[in-house]
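Quick look at coords_2.cif (mmCIF, C-alpha atoms and all ligand atoms):
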data_protein
loop_
_atom_site.label_atom_id
_atom_site.label_comp_id
_atom_site.auth_asym_id
_atom_site.auth_seq_id
_atom_site.Cartn_x
_atom_site.Cartn_y
_atom_site.Cartn_z
CA MET A 1 71.83 41.28 165.79
CA SER A 2 72.17 38.19 163.60
CA ASN A 3 69.49 35.53 163.78
CA ARG A 4 71.94 32.66 163.48
CA VAL A 5 71.95 30.50 166.62
CA TYR A 6 75.07 28.39 167.18
CA ILE A 7 74.57 24.83 168.30
CA PHE A 8 77.13 23.74 170.89
CA ASP A 9 76.85 20.00 171.32
CA THR A 10 77.92 18.58 174.67
CA THR A 11 76.72 14.98 174.18
CA LEU A 12 80.33 13.82 174.48
CA ARG A 13 81.04 15.82 177.66
CA ASP A 14 78.02 16.69 179.86
CA GLY A 15 76.07 13.80 178.32
CA GLU A 16 78.89 11.32 178.62
CA GLN A 17 79.49 12.09 182.30
CA SER A 18 75.99 10.94 183.34
CA PRO A 19 75.07 7.43 184.56
CA GLY A 20 74.97 4.76 181.86
CA CYS A 21 76.45 7.08 179.22
CA SER A 22 80.21 6.64 179.41
CA MET A 23 81.86 6.12 176.02
CA THR A 24 85.25 4.86 174.90
CA VAL A 25 87.47 6.99 172.69
CA SER A 26 86.43 5.06 169.56
CA GLU A 27 82.74 5.33 170.49
CA LYS A 28 83.17 9.07 170.97
CA THR A 29 84.87 9.34 167.59
CA ARG A 30 82.04 7.43 165.91
CA MET A 31 79.48 9.72 167.54
CA ALA A 32 81.55 12.77 166.56
CA HIS A 33 81.30 11.73 162.88
CA LYS A 34 77.53 11.79 163.16
CA LEU A 35 77.50 15.12 165.00
CA VAL A 36 79.66 16.70 162.30
CA GLU A 37 77.35 15.30 159.62
CA LEU A 38 74.42 16.71 161.60
CA GLY A 39 76.07 20.13 161.38
CA VAL A 40 76.77 21.13 164.97
CA ASP A 41 78.87 24.30 165.18
CA ILE A 42 80.86 23.44 168.29
CA LEU A 43 81.63 19.95 169.48
CA GLU A 44 82.59 19.67 173.15
CA ALA A 45 84.65 16.50 173.17
CA GLY A 46 85.60 16.15 176.83
CA PHE A 47 87.12 17.41 180.07
CA PRO A 48 90.83 16.57 179.58
CA ILE A 49 91.92 16.92 183.21
CA ALA A 50 89.18 14.50 184.34
CA SER A 51 90.71 11.35 182.83
CA ASP A 52 93.19 10.05 180.28
CA GLY A 53 90.21 8.81 178.23
CA ASP A 54 88.80 12.33 178.06
CA PHE A 55 92.19 13.71 177.07
CA GLU A 56 92.57 11.09 174.32
CA ALA A 57 89.05 11.71 173.01
CA VAL A 58 89.66 15.46 172.70
CA ASP A 59 93.01 14.78 171.03
CA ALA A 60 91.56 12.21 168.60
CA ILE A 61 88.59 14.38 167.64
CA SER A 62 90.87 17.42 167.23
CA ARG A 63 93.05 15.52 164.76
CA GLU A 64 90.17 14.14 162.76
CA PHE A 65 87.60 16.91 162.38
CA HIS A 66 88.87 20.16 160.94
CA TRP A 67 85.70 21.96 160.01
CA VAL A 68 84.06 22.02 163.38
CA THR A 69 85.14 23.94 166.46
CA VAL A 70 86.37 21.41 169.04
CA ALA A 71 85.92 22.50 172.66
CA ALA A 72 87.60 21.14 175.78
CA LEU A 73 86.40 21.88 179.29
CA ALA A 74 88.64 23.19 182.07
CA ARG A 75 88.05 24.51 185.57
CA SER A 76 89.41 28.02 186.06
CA CYS A 77 92.87 26.96 187.19
CA THR A 78 96.29 26.61 185.55
CA LEU A 79 96.50 22.82 185.57
CA ASP A 80 93.12 22.36 183.86
CA VAL A 81 93.63 25.07 181.26
CA GLU A 82 97.11 23.76 180.35
CA ARG A 83 95.77 20.21 180.02
CA ALA A 84 92.88 21.36 177.81
CA ALA A 85 95.29 23.35 175.64
CA ARG A 86 97.51 20.27 175.19
CA ALA A 87 94.56 18.06 174.23
CA LEU A 88 93.53 20.66 171.63
CA GLU A 89 97.02 21.04 170.13
CA HIS A 90 96.03 19.45 166.81
CA ALA A 91 92.64 21.13 166.45
CA ARG A 92 92.25 23.50 163.52
CA ARG A 93 89.58 25.40 165.45
CA PRO A 94 90.25 24.88 169.14
CA ARG A 95 88.12 26.36 171.92
CA ILE A 96 89.01 26.30 175.60
CA HIS A 97 85.88 26.34 177.73
CA THR A 98 86.72 27.37 181.27
CA PHE A 99 84.27 27.56 184.13
CA ILE A 100 83.93 28.47 187.79
CA ALA A 101 80.87 28.60 190.04
CA THR A 102 79.52 32.09 190.75
CA SER A 103 76.39 31.61 192.89
CA GLU A 104 76.38 32.42 196.59
CA ILE A 105 75.41 28.80 197.40
CA HIS A 106 78.39 27.39 195.50
CA LEU A 107 80.84 30.02 196.76
CA LYS A 108 79.86 29.46 200.37
CA HIS A 109 79.45 25.67 200.51
CA LYS A 110 81.58 24.32 197.66
CA LEU A 111 84.42 26.70 196.82
CA LYS A 112 84.63 28.56 200.15
CA LYS A 113 85.85 31.60 198.23
CA SER A 114 84.79 35.23 198.02
CA GLN A 115 83.28 36.84 194.92
CA GLU A 116 86.54 38.76 194.41
CA GLN A 117 88.66 35.60 194.53
CA VAL A 118 86.40 33.85 192.04
CA LEU A 119 86.46 36.85 189.70
CA ASP A 120 90.26 36.97 189.84
CA GLU A 121 90.58 33.25 189.12
CA ALA A 122 88.13 33.47 186.21
CA VAL A 123 90.03 36.37 184.65
CA ALA A 124 93.40 34.63 185.15
CA ALA A 125 92.09 31.41 183.55
CA VAL A 126 90.70 33.26 180.53
CA GLU A 127 93.98 35.17 180.10
CA LEU A 128 95.97 31.95 180.30
CA ALA A 129 93.62 30.21 177.84
CA ARG A 130 94.03 33.12 175.43
CA GLU A 131 97.78 32.54 175.43
CA HIS A 132 97.02 29.16 173.84
CA VAL A 133 93.95 29.77 171.65
CA ASP A 134 91.94 32.67 170.25
CA ASP A 135 88.56 31.14 170.98
CA VAL A 136 87.81 31.09 174.71
CA GLU A 137 84.47 30.50 176.37
CA PHE A 138 83.77 31.27 180.00
CA SER A 139 80.94 29.66 181.98
CA ALA A 140 79.57 31.04 185.22
CA GLU A 141 78.49 27.77 186.81
CA ASP A 142 75.09 28.01 188.53
CA GLY A 143 74.71 31.34 186.71
CA ALA A 144 70.92 31.34 186.93
CA ARG A 145 71.15 31.41 190.75
CA THR A 146 73.93 34.02 190.82
CA ASP A 147 73.44 37.58 192.06
CA PRO A 148 72.62 39.41 188.77
CA GLU A 149 74.90 42.33 189.57
CA TYR A 150 77.87 40.07 190.23
CA LEU A 151 77.04 38.02 187.16
CA GLU A 152 77.19 41.16 185.05
CA LYS A 153 80.47 42.20 186.66
CA ILE A 154 82.22 38.87 186.10
CA SER A 155 80.85 38.61 182.53
CA LYS A 156 82.33 41.99 181.63
CA ALA A 157 85.62 41.11 183.32
CA VAL A 158 86.11 37.84 181.41
CA VAL A 159 85.25 39.51 178.11
CA ALA A 160 87.82 42.23 178.85
CA ALA A 161 90.28 39.37 179.53
CA GLY A 162 89.59 37.89 176.09
CA ALA A 163 86.58 35.54 176.30
CA ARG A 164 84.50 35.53 173.13
CA THR A 165 81.59 33.55 174.49
CA VAL A 166 79.98 33.93 177.91
CA ASN A 167 77.80 31.05 179.01
CA ILE A 168 75.21 31.53 181.75
CA PRO A 169 74.09 28.02 182.69
CA ASP A 170 71.03 26.98 184.60
CA THR A 171 73.21 24.24 186.06
CA VAL A 172 70.56 22.83 188.39
CA GLY A 173 67.51 23.17 186.12
CA TYR A 174 65.76 25.54 188.51
CA SER A 175 64.99 28.58 186.39
CA THR A 176 61.81 29.38 184.46
CA PRO A 177 61.52 30.92 180.97
CA LYS A 178 60.51 34.40 182.13
CA GLU A 179 63.13 34.56 184.85
CA TYR A 180 65.92 33.08 182.71
CA GLY A 181 65.07 35.34 179.76
CA ALA A 182 65.48 38.37 182.05
CA ILE A 183 68.84 37.11 183.40
CA ILE A 184 70.14 36.53 179.87
CA GLY A 185 68.71 39.82 178.55
CA ARG A 186 70.68 41.76 181.15
CA ILE A 187 73.97 40.07 180.17
CA VAL A 188 73.28 40.54 176.43
CA GLN A 189 72.70 44.24 177.12
CA ALA A 190 75.87 44.52 179.19
CA LEU A 191 78.13 42.79 176.66
CA GLY A 192 76.70 44.27 173.46
CA ASP A 193 78.50 42.79 170.49
CA CYS A 194 81.74 42.12 172.40
CA ALA A 195 80.77 38.48 173.01
CA ILE A 196 78.20 35.84 172.22
CA VAL A 197 75.96 34.96 175.14
CA SER A 198 75.39 31.25 175.51
CA VAL A 199 72.90 29.14 177.45
CA HIS A 200 73.19 25.72 179.04
CA CYS A 201 70.00 24.43 180.61
CA HIS A 202 69.23 21.30 182.57
CA ASP A 203 65.87 19.60 182.54
CA ASP A 204 65.16 18.99 186.23
CA LEU A 205 61.78 20.71 185.93
CA GLY A 206 61.24 19.79 182.28
CA LEU A 207 61.97 23.37 181.17
CA ALA A 208 65.38 23.06 179.49
CA ALA A 209 64.13 23.63 175.93
CA ALA A 210 61.66 26.35 176.96
CA ASN A 211 64.35 28.15 178.98
CA SER A 212 66.87 27.92 176.12
CA LEU A 213 64.37 29.41 173.67
CA ALA A 214 63.42 32.21 176.10
CA ALA A 215 67.13 33.00 176.28
CA VAL A 216 67.42 33.13 172.49
CA GLU A 217 64.50 35.56 172.41
CA ALA A 218 66.42 37.67 174.94
CA GLY A 219 69.50 37.72 172.68
CA ALA A 220 71.49 34.56 173.44
CA ARG A 221 73.03 33.12 170.26
CA GLN A 222 74.52 29.82 171.40
CA ILE A 223 72.61 26.88 172.84
CA GLU A 224 74.44 24.08 174.63
CA CYS A 225 72.53 20.85 174.23
CA THR A 226 72.79 17.09 173.71
CA ILE A 227 71.30 14.37 171.52
CA ASN A 228 68.31 12.72 173.25
CA GLY A 229 68.76 15.31 176.02
CA ILE A 230 71.26 13.11 177.90
CA GLY A 231 73.27 14.70 180.71
CA GLU A 232 73.58 15.12 184.46
CA ARG A 233 70.43 14.09 186.43
CA ALA A 234 67.35 14.81 184.28
CA GLY A 235 69.64 15.72 181.42
CA ASN A 236 70.48 18.72 179.26
CA CYS A 237 68.40 20.64 176.79
CA SER A 238 67.61 18.26 173.95
CA LEU A 239 69.24 19.32 170.66
CA GLU A 240 66.47 17.89 168.48
CA GLU A 241 63.78 19.73 170.43
CA VAL A 242 65.22 23.26 170.28
CA VAL A 243 66.25 22.85 166.65
CA MET A 244 62.84 21.57 165.57
CA VAL A 245 60.99 24.29 167.50
CA MET A 246 62.95 26.95 165.59
CA LYS A 247 62.30 25.15 162.32
CA THR A 248 58.64 24.20 162.81
CA ARG A 249 57.62 27.45 164.52
CA HIS A 250 59.82 29.78 162.53
CA ASP A 251 56.93 32.25 162.70
CA MET A 252 57.42 32.49 166.48
CA TYR A 253 61.20 31.86 166.60
CA PRO A 254 62.70 33.44 163.47
CA TYR A 255 66.19 32.04 164.04
CA SER A 256 68.31 29.65 162.02
CA THR A 257 70.87 26.96 162.84
CA GLY A 258 73.30 24.96 160.72
CA ILE A 259 71.64 21.63 161.61
CA ASN A 260 70.73 19.20 158.80
CA THR A 261 67.56 18.01 160.48
CA GLU A 262 67.21 14.87 158.35
CA HIS A 263 70.11 13.40 160.37
CA LEU A 264 68.41 13.90 163.75
CA TYR A 265 66.81 10.47 163.95
CA SER A 266 69.95 8.57 162.97
CA ALA A 267 72.01 10.60 165.47
CA SER A 268 69.55 9.61 168.18
CA GLU A 269 69.67 5.95 167.10
CA LEU A 270 73.45 5.86 167.00
CA LEU A 271 73.73 7.36 170.48
CA SER A 272 71.19 4.85 171.83
CA SER A 273 73.22 1.99 170.36
CA ILE A 274 76.41 3.25 172.03
CA ILE A 275 75.12 4.07 175.53
CA THR A 276 72.89 1.92 177.74
CA PHE A 277 69.49 3.48 176.98
CA GLY A 278 67.45 5.19 174.29
CA PRO A 279 64.94 8.02 174.54
CA GLN A 280 61.60 7.22 176.19
CA PRO A 281 59.02 6.07 173.59
CA ASN A 282 56.99 9.26 173.86
CA LYS A 283 60.05 11.55 173.58
CA ALA A 284 59.44 14.49 171.21
CA ILE A 285 61.00 14.21 167.72
CA VAL A 286 63.00 10.98 168.18
CA GLY A 287 60.86 8.72 170.42
CA ARG A 288 59.47 5.49 168.94
CA ASN A 289 55.92 6.86 169.25
CA ALA A 290 56.66 10.45 168.24
CA PHE A 291 54.91 9.92 164.90
CA ALA A 292 52.56 7.05 165.79
CA HIS A 293 48.89 7.73 165.24
CA GLU A 294 47.11 4.92 166.91
CA ALA A 295 43.56 6.00 167.78
CA GLY A 296 41.20 5.23 164.88
CA ILE A 297 39.82 8.78 164.71
CA HIS A 298 43.32 10.24 164.54
CA GLN A 299 44.32 7.74 161.88
CA ASP A 300 41.27 8.44 159.79
CA GLY A 301 41.96 12.19 159.84
CA TYR A 302 45.67 11.65 159.29
CA LEU A 303 45.07 9.49 156.23
CA LYS A 304 42.70 12.07 154.74
CA ASN A 305 45.25 14.81 155.35
CA LYS A 306 48.44 14.51 157.42
CA SER A 307 48.17 18.08 158.68
CA THR A 308 45.14 17.10 160.77
CA TYR A 309 47.33 15.47 163.41
CA GLU A 310 50.94 15.95 162.37
CA VAL A 311 52.96 19.16 162.79
CA ILE A 312 56.33 17.73 161.74
CA ASP A 313 56.94 15.59 158.68
CA PRO A 314 58.81 12.51 160.00
CA LYS A 315 60.93 12.55 156.82
CA SER A 316 62.26 16.00 157.76
CA VAL A 317 63.97 14.47 160.81
CA GLY A 318 64.96 11.30 158.99
CA VAL A 319 62.52 8.77 160.48
CA PRO A 320 62.35 5.80 158.08
CA GLU A 321 58.84 4.69 157.09
CA GLY A 322 59.31 1.30 158.71
CA LYS A 323 59.68 2.92 162.12
CA LEU A 324 56.13 4.26 162.16
CA VAL A 325 54.02 2.18 164.53
CA LEU A 326 50.52 0.80 163.88
CA GLY A 327 48.52 -0.23 166.94
CA LYS A 328 45.43 -2.20 167.83
CA HIS A 329 43.33 0.97 167.59
CA SER A 330 44.37 1.45 164.00
CA GLY A 331 41.43 1.07 161.67
CA ARG A 332 41.10 -1.21 158.62
CA HIS A 333 41.67 1.89 156.46
CA ALA A 334 45.07 2.55 158.06
CA LEU A 335 46.11 -1.08 157.79
CA ASN A 336 45.13 -1.25 154.13
CA GLN A 337 47.03 1.97 153.46
CA ARG A 338 50.14 0.56 155.14
CA CYS A 339 49.90 -2.64 153.07
CA GLN A 340 49.78 -0.57 149.89
CA ASP A 341 52.71 1.57 151.09
CA LEU A 342 54.64 -1.66 151.63
CA GLY A 343 53.84 -2.80 148.09
CA PHE A 344 51.09 -5.38 148.81
CA SER A 345 47.66 -5.26 147.26
CA LEU A 346 45.18 -7.41 149.14
CA THR A 347 41.81 -8.81 148.18
CA ARG A 348 38.87 -8.03 150.42
CA GLU A 349 39.07 -11.50 152.03
CA GLU A 350 42.79 -11.18 152.59
CA LEU A 351 42.33 -7.80 154.22
CA ASP A 352 39.58 -9.17 156.49
CA SER A 353 41.74 -12.08 157.52
CA LEU A 354 44.80 -9.89 157.99
CA TYR A 355 42.88 -7.34 160.02
CA HIS A 356 41.63 -10.07 162.33
CA ARG A 357 45.16 -11.41 162.96
CA PHE A 358 46.58 -7.90 163.21
CA THR A 359 44.20 -6.69 165.93
CA ALA A 360 44.69 -9.88 167.97
CA LEU A 361 48.47 -9.59 167.79
CA ALA A 362 48.67 -5.79 168.14
CA ASP A 363 46.59 -6.10 171.30
CA ARG A 364 49.28 -8.25 172.89
CA LYS A 365 52.27 -6.45 171.37
CA LYS A 366 51.18 -2.86 171.99
CA GLY A 367 52.08 -1.61 168.52
CA MET A 368 53.64 -3.14 165.43
CA MET A 369 56.45 -2.13 163.10
CA ASN A 370 56.61 -2.71 159.35
CA GLU A 371 58.65 -5.92 159.52
CA GLU A 372 56.01 -7.50 161.75
CA ILE A 373 53.20 -6.32 159.52
CA ILE A 374 54.95 -7.75 156.44
CA ALA A 375 55.34 -11.12 158.21
CA LEU A 376 51.60 -11.13 158.96
CA ILE A 377 50.68 -10.25 155.37
CA GLU A 378 52.85 -13.08 154.09
CA GLN A 379 51.26 -15.57 156.49
CA THR A 380 47.80 -14.38 155.49
CA GLN A 381 48.49 -14.67 151.77
CA ALA A 382 50.13 -18.12 152.18
CA LYS A 383 47.07 -19.31 154.09
CA GLN A 384 44.76 -17.88 151.43
CA VAL A 385 46.67 -19.72 148.67
CA ALA A 386 46.47 -23.00 150.66
CA ALA A 387 42.69 -22.50 151.11
CA ASP A 388 42.22 -21.84 147.38
MN MN B 1 75.74 20.81 182.65
#
For this file, produce the structure as structure tokens.
Amino acid sequence: MSNRVYIFDTTLRDGEQSPGCSMTVSEKTRMAHKLVELGVDILEAGFPIASDGDFEAVDAISREFHWVTVAALARSCTLDVERAARALEHARRPRIHTFIATSEIHLKHKLKKSQEQVLDEAVAAVELAREHVDDVEFSAEDGARTDPEYLEKISKAVVAAGARTVNIPDTVGYSTPKEYGAIIGRIVQALGDCAIVSVHCHDDLGLAAANSLAAVEAGARQIECTINGIGERAGNCSLEEVVMVMKTRHDMYPYSTGINTEHLYSASELLSSIITFGPQPNKAIVGRNAFAHEAGIHQDGYLKNKSTYEVIDPKSVGVPEGKLVLGKHSGRHALNQRCQDLGFSLTREELDSLYHRFTALADRKKGMMNEEIIALIEQTQAKQVAAD
């Protein structure tokens, strides 16, 4: 089995459909540029039956980006599949992604259908999708809570009908790594090399990345994820987290992706500027504090050797130097180092004076960026000149 893991980005679909995240067609196109530059393998651009905006976004992205697979979502029914196919008409590499719920809870309370009915509709939708495109993905919604025997049966049936990718989502973010790995392992075993098994995890219990990686260890080779982990409720698996785990801990997860990690930070920034919120400051990889070493002891060790407190080089994910925060607990050593990095060489008196102003201000501001530090240095030096 190949160790290449495909990254299926759903920022523009699952992410976009969550509160505060809706995007216009031109915003989606701008974000798509960044995602292509980042190197995602599959770009899910929308759910064409859901709205005209979604249809237009899939159509626009299909026309513009030829080297990435463009996916469109469709429920397992004729109307949805036909609409997705039309939106993808101009895509060089179109994928129809059709889904239906398979868990007992969803069948009983939501669909009010039997397992047989659902299986028939899934197979019919995949067959119809295959009349339009070669690349069809099937998702068993709420797969992690589906009877494993039925899940295996429907997975085999859709592959026989022509699906190339079978996605087993943890739609409600309820599964755990050990449990999810076992569910995925069984489907990988059942399908052999007839299809790629995909995962789609939500973060309701904070386990989306851990569950996705457990699935990869069990043989899944596609991860569905989003920038900044945006998505329904607590969000989807965060793209930057799973990618950086596989890169940083390649010894434990010997898999590769096509992601150019130095674009991760700018992708996160662009998304934040388009939607209504950014990642929380302590978010792994892309949060404002993800590479901030504030406590004096940490800073001292870090300045002697970065590996003492840093497992990821911020440059490897594209964080610009000026985004690294200094705080009131930063020592004189760290401040002096930052001044030198910024191209200032200070006398002892200047450093003393600067340090005094810095700690007073950092106390109130809870952390300072380079621009603020430069302003302080300039004030300090101007004052020093006036005193001389
Ligand atoms: Mn989802």
| task | Could you give me, as number ranges by chain, the residues within 12 Å of Leu239 in chain A, counting all atoms listed in the file and dropping anything in the same chain fewer than 4 positions from it? | result | A: 6-11, 15, 35, 38-40, 200-201, 208-209, 212-213, 222-231, 235, 243-246, 257, 259-261, 263-265, 267-268, 284-286
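If all atoms listed in the file are the atoms counted, then among A:Asn167, A:Asn336, A:Ser51, A:Thr347 the closest residue to ligand MN 1 (chain B) is A:Asn167.
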| request: Name the residues in contact with Gln379 in chain A at a cut-off of 9 Å, using all atoms listed in the file, excluding same-chain residues fewer than 5 positions from it; report them as a list of chain:residue names. | output: A:Leu354, A:Ile374, A:Gln384
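Considering the residues A:Gly301, A:Gly53, A:Gly367, A:Gly206 and counting only C-alpha atoms, Asn289 in chain A has its shortest atom-to-atom contact with A:Gly367.
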| said: Using all atoms listed in the file for the distances, tell me which of A:Ser76, A:Thr29, A:Ser175, A:Ser238 is nearest to Ala215 in chain A. | reply: A:Ser175
| message | Using all atoms listed in the file, which residues of the polymer chains come no farther than 7 Å from ligand MN 1 (chain B)? I'd like the answer as a list in words. | response | Asp14, Thr171, His200, His202, Gly231, Glu232 and Asn236 of chain A
| request: Could you check how far CA of Gly143 in chain A sits from CA of Arg130 in chain A, in Å to one decimal? | output: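 Result for CA of Gly143 in chain A versus CA of Arg130 in chain A: 22.4 Å, one decimal.
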3 Å per side around range 246-250 of chain A: axis-aligned box centre and edge lengths, as AutoDock Vina command-line options:
--center_x 60.3 --center_y 27.0 --center_z 164.0 --size_x 11.3 --size_y 11.6 --size_z 9.3
| said: Can you measure CA of Met31 in chain A to CA of Ala292 in chain A for me? One decimal in Å is fine. | reply: 27.1 Å
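With all atoms listed in the file as the atoms that count, the residue of A:Lys178, A:Lys315, A:Arg30, A:Arg338 with the shortest distance to Leu303 in chain A is A:Arg338.
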| query | Could you work out how far CA of Ala122 in chain A lies from CA of Glu104 in chain A, giving the answer in Å with one decimal? | reply |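 Calculated distance between CA of Glu104 in chain A and CA of Ala122 in chain A is 15.7 Å.
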| said: Could you list, as a ChimeraX atom specification, every residue within 9 Å of Leu351 in chain A, counting only C-alpha atoms and ignoring same-chain residues fewer than 6 positions away? | reply: /A:332,335-336,377,380
Convert the current residue selection to file output with C-alpha atoms, as a PDB file, keeping the file's coordinate frame.
ATOM      1  CA  ARG A 332      41.100  -1.210 158.620  1.00  0.00           C
ATOM      2  CA  LEU A 335      46.110  -1.080 157.790  1.00  0.00           C
ATOM      3  CA  ASN A 336      45.130  -1.250 154.130  1.00  0.00           C
ATOM      4  CA  ILE A 377      50.680 -10.250 155.370  1.00  0.00           C
ATOM      5  CA  THR A 380      47.800 -14.380 155.490  1.00  0.00           C
TER       6      THR A 380
END
| field | Distance criterion (all atoms listed in the file): nearest to Arg63 in chain A out of A:Lys365, A:His356, A:Lys34, A:Arg93 | value |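 So, comparing all the options, the nearest one is A:Arg93.
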